[in-house]
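**Q** Let me begin by handing over the structure; questions about it come next.
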Amino acid sequence: MAHTPTPIKYYWEDMAAGQVHDLGTITPTREETIAFASQFDPQPFHLDDEAAKASVFGALSASGWHTCAMAMRLMVTNHLHETSSLGSPGLENIRWQKPVYPGDTLRLQSTVLETKPMGKRPDVGMTRTLWEMFNQHGDKVLHMEGWGMFRRRTPAAPL
């Protein structure tokens, strides 16, 4: 699938601690839940209704990794594609706080926690962001934090 680049609207300088972004919603289907789990997390409670009923989840539930992937999809579609994103060195503090069930409507919110220039790359800035995903009842289902790397509009003078 070919990708047409979106013009960059936001650079590292446009991001500041305290900014909150509502990044939209996504609703996993039963078929998507099983398909993801079949390929990436084939535990019985993600694949089979009877096994799920007997589990702590009580019903077929999405893999936590599927929940993370859905959050990433919302982040890219509704934010990162307009930025100078250069990827991420990683995530931390990932917590799946409530099960996600097929048919749940999930909403993603991101909050910029801090920004700093990248020491060895004067053309790159770092942004630490909190990602929180909520279901249709307002229950938090996902908490994670991570650093993103963004091209700077105006590179700093080399150190």
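For the structure tokens, the naming scheme is as follows: chains receive sequential letters (A, B, ...) according to their order of presentation, residues are indexed from 1 within each chain, and ligands are indexed from 1 in presentation order.
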Going by DSSP on the backbone, which residues of stretch 41-106 of chain A come out as alpha helix (DSSP H)? List them as a PyMOL selection string.

**A** chain A and resi 44-47+49-53+64-78

**Q** Mind dumping the selected residues with C-alpha atoms as a tab-separated table (two decimals), in the first residue's frame?

**A**
```
chain	number	residue	atom	x	y	z
A	44	PRO	CA	-7.38	-19.30	24.87
A	45	PHE	CA	-9.26	-16.39	26.50
A	46	HIS	CA	-8.49	-14.24	23.41
A	47	LEU	CA	-9.63	-16.96	20.97
A	49	ASP	CA	-15.71	-18.01	24.10
A	50	GLU	CA	-15.85	-21.02	26.46
A	51	ALA	CA	-12.24	-20.63	27.57
A	52	ALA	CA	-12.82	-16.90	28.04
A	53	LYS	CA	-15.93	-17.51	30.18
A	64	GLY	CA	-3.29	-6.13	25.71
A	65	TRP	CA	-0.96	-5.94	22.71
A	66	HIS	CA	-4.01	-5.48	20.49
A	67	THR	CA	-5.09	-2.62	22.76
A	68	CYS	CA	-1.63	-1.05	22.36
A	69	ALA	CA	-1.82	-1.51	18.58
A	70	MET	CA	-5.23	0.20	18.46
A	71	ALA	CA	-3.83	3.08	20.52
A	72	MET	CA	-0.92	3.37	18.09
A	73	ARG	CA	-3.32	3.44	15.15
A	74	LEU	CA	-5.27	6.33	16.70
A	75	MET	CA	-2.04	8.16	17.57
A	76	VAL	CA	-0.71	7.91	14.01
A	77	THR	CA	-3.99	8.64	12.22
A	78	ASN	CA	-5.07	11.55	14.39
```

**Q** Would you mind writing down, as a ChimeraX atom specification, each residue of stretch 2-156 of chain A that DSSP on the backbone assigns to strand (DSSP E)?

**A** /A:20-26,90-96,106-117,124-134,140-151

**Q** Write the residues of the selection above to a file with N, CA and C atoms, as a short mmCIF file (atom, residue, chain, number, x, y, z; two decimals), in the first residue's frame.

**A**
```cif
data_model
loop_
_atom_site.label_atom_id
_atom_site.label_comp_id
_atom_site.auth_asym_id
_atom_site.auth_seq_id
_atom_site.Cartn_x
_atom_site.Cartn_y
_atom_site.Cartn_z
N VAL A 20 -2.89 18.50 25.88
CA VAL A 20 -3.71 17.29 25.87
C VAL A 20 -4.34 17.19 24.49
N HIS A 21 -4.29 15.98 23.93
CA HIS A 21 -4.89 15.73 22.62
C HIS A 21 -5.91 14.61 22.74
N ASP A 22 -7.11 14.84 22.23
CA ASP A 22 -8.11 13.78 22.11
C ASP A 22 -7.88 13.17 20.74
N LEU A 23 -7.57 11.88 20.71
CA LEU A 23 -7.14 11.25 19.46
C LEU A 23 -8.17 10.32 18.87
N GLY A 24 -9.43 10.49 19.24
CA GLY A 24 -10.49 9.75 18.58
C GLY A 24 -10.81 8.41 19.21
N THR A 25 -11.64 7.66 18.50
CA THR A 25 -12.13 6.38 19.03
C THR A 25 -11.93 5.26 18.01
N ILE A 26 -11.96 4.06 18.56
CA ILE A 26 -11.88 2.84 17.75
C ILE A 26 -12.70 1.77 18.47
N GLY A 90 11.18 4.01 22.80
CA GLY A 90 10.51 3.01 23.60
C GLY A 90 9.40 3.55 24.48
N LEU A 91 8.70 2.60 25.09
CA LEU A 91 7.60 2.90 25.99
C LEU A 91 7.92 2.38 27.37
N GLU A 92 7.24 2.91 28.37
CA GLU A 92 7.44 2.47 29.74
C GLU A 92 6.11 2.54 30.47
N ASN A 93 6.06 1.88 31.59
CA ASN A 93 4.86 1.92 32.45
C ASN A 93 3.60 1.51 31.71
N ILE A 94 3.69 0.46 30.89
CA ILE A 94 2.49 -0.04 30.20
C ILE A 94 1.66 -0.83 31.21
N ARG A 95 0.40 -0.42 31.33
CA ARG A 95 -0.52 -1.13 32.23
C ARG A 95 -1.86 -1.30 31.53
N TRP A 96 -2.31 -2.55 31.48
CA TRP A 96 -3.64 -2.85 30.98
C TRP A 96 -4.54 -2.89 32.20
N LEU A 106 -13.31 2.57 22.31
CA LEU A 106 -12.13 3.03 23.04
C LEU A 106 -11.74 4.42 22.57
N ARG A 107 -11.44 5.30 23.52
CA ARG A 107 -11.02 6.68 23.23
C ARG A 107 -9.62 6.88 23.75
N LEU A 108 -8.76 7.46 22.92
CA LEU A 108 -7.38 7.70 23.32
C LEU A 108 -7.15 9.18 23.59
N GLN A 109 -6.46 9.44 24.69
CA GLN A 109 -6.05 10.80 25.06
C GLN A 109 -4.56 10.78 25.33
N SER A 110 -3.85 11.77 24.80
CA SER A 110 -2.42 11.87 25.09
C SER A 110 -2.16 13.21 25.77
N THR A 111 -1.21 13.18 26.69
CA THR A 111 -0.80 14.38 27.42
C THR A 111 0.71 14.49 27.35
N VAL A 112 1.20 15.63 26.89
CA VAL A 112 2.64 15.87 26.85
C VAL A 112 3.11 16.11 28.29
N LEU A 113 4.05 15.29 28.75
CA LEU A 113 4.57 15.41 30.11
C LEU A 113 5.80 16.30 30.17
N GLU A 114 6.69 16.18 29.19
CA GLU A 114 7.88 17.01 29.16
C GLU A 114 8.51 16.97 27.78
N THR A 115 9.31 17.96 27.50
CA THR A 115 10.07 18.01 26.25
C THR A 115 11.51 18.40 26.58
N LYS A 116 12.41 17.91 25.74
CA LYS A 116 13.82 18.29 25.91
C LYS A 116 14.53 18.09 24.58
N PRO A 117 15.55 18.89 24.33
CA PRO A 117 16.32 18.68 23.11
C PRO A 117 17.13 17.38 23.23
N VAL A 124 16.95 17.32 16.50
CA VAL A 124 15.90 16.45 17.05
C VAL A 124 15.57 16.87 18.47
N GLY A 125 14.27 16.84 18.79
CA GLY A 125 13.80 17.06 20.16
C GLY A 125 13.04 15.84 20.64
N MET A 126 13.02 15.66 21.95
CA MET A 126 12.34 14.52 22.58
C MET A 126 11.09 15.02 23.31
N THR A 127 10.04 14.23 23.24
CA THR A 127 8.79 14.55 23.93
C THR A 127 8.33 13.31 24.69
N ARG A 128 8.12 13.45 25.98
CA ARG A 128 7.59 12.35 26.81
C ARG A 128 6.09 12.55 26.93
N THR A 129 5.35 11.50 26.59
CA THR A 129 3.89 11.59 26.51
C THR A 129 3.24 10.47 27.31
N LEU A 130 2.14 10.82 27.97
CA LEU A 130 1.27 9.85 28.65
C LEU A 130 0.13 9.51 27.70
N TRP A 131 -0.07 8.23 27.46
CA TRP A 131 -1.20 7.75 26.64
C TRP A 131 -2.20 7.11 27.59
N GLU A 132 -3.46 7.53 27.51
CA GLU A 132 -4.53 6.92 28.32
C GLU A 132 -5.68 6.57 27.39
N MET A 133 -6.13 5.31 27.50
CA MET A 133 -7.25 4.86 26.69
C MET A 133 -8.39 4.48 27.62
N PHE A 134 -9.58 4.95 27.28
CA PHE A 134 -10.78 4.74 28.09
C PHE A 134 -11.84 4.01 27.28
N LYS A 140 -10.56 3.54 32.58
CA LYS A 140 -9.26 3.51 31.92
C LYS A 140 -8.87 2.06 31.67
N VAL A 141 -8.58 1.74 30.39
CA VAL A 141 -8.20 0.38 30.03
C VAL A 141 -6.71 0.26 29.74
N LEU A 142 -6.06 1.39 29.42
CA LEU A 142 -4.64 1.37 29.07
C LEU A 142 -3.95 2.63 29.59
N HIS A 143 -2.78 2.44 30.17
CA HIS A 143 -1.92 3.54 30.60
C HIS A 143 -0.53 3.20 30.09
N MET A 144 0.08 4.13 29.37
CA MET A 144 1.47 3.94 29.00
C MET A 144 2.13 5.29 28.78
N GLU A 145 3.43 5.30 28.96
CA GLU A 145 4.21 6.51 28.79
C GLU A 145 5.35 6.19 27.84
N GLY A 146 5.81 7.20 27.14
CA GLY A 146 6.93 6.96 26.25
C GLY A 146 7.49 8.23 25.68
N TRP A 147 8.68 8.09 25.12
CA TRP A 147 9.37 9.20 24.48
C TRP A 147 9.17 9.12 22.98
N GLY A 148 8.95 10.27 22.36
CA GLY A 148 8.92 10.38 20.92
C GLY A 148 10.04 11.31 20.47
N MET A 149 10.53 11.04 19.29
CA MET A 149 11.58 11.90 18.70
C MET A 149 10.95 12.68 17.55
N PHE A 150 11.20 13.98 17.51
CA PHE A 150 10.62 14.84 16.49
C PHE A 150 11.68 15.75 15.89
N ARG A 151 11.61 15.93 14.60
CA ARG A 151 12.50 16.88 13.94
C ARG A 151 12.19 18.27 14.45
#
```

**Q** Using only C-alpha atoms, find the one residue out of A:Leu86, A:Ala156, A:Val56, A:Ala62 that sits nearest to A:Glu13.

**A**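 Looking at the shortest contact to A:Glu13, the residue is A:Ala156.
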
**Q** Interatomic distance between atom CA of A:Thr6 and atom CA of A:Asp123?

**A**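 The value is 20.1 Å.
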
**Q** Do you know which residues are at most 8 Å from A:Lys9 counting only C-alpha atoms, after dropping those on the same chain fewer than 3 positions away, and could you put them as a list in words?

**A**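 Non-adjacent residues within range: Glu82, Thr83 and Ser84 of chain A.
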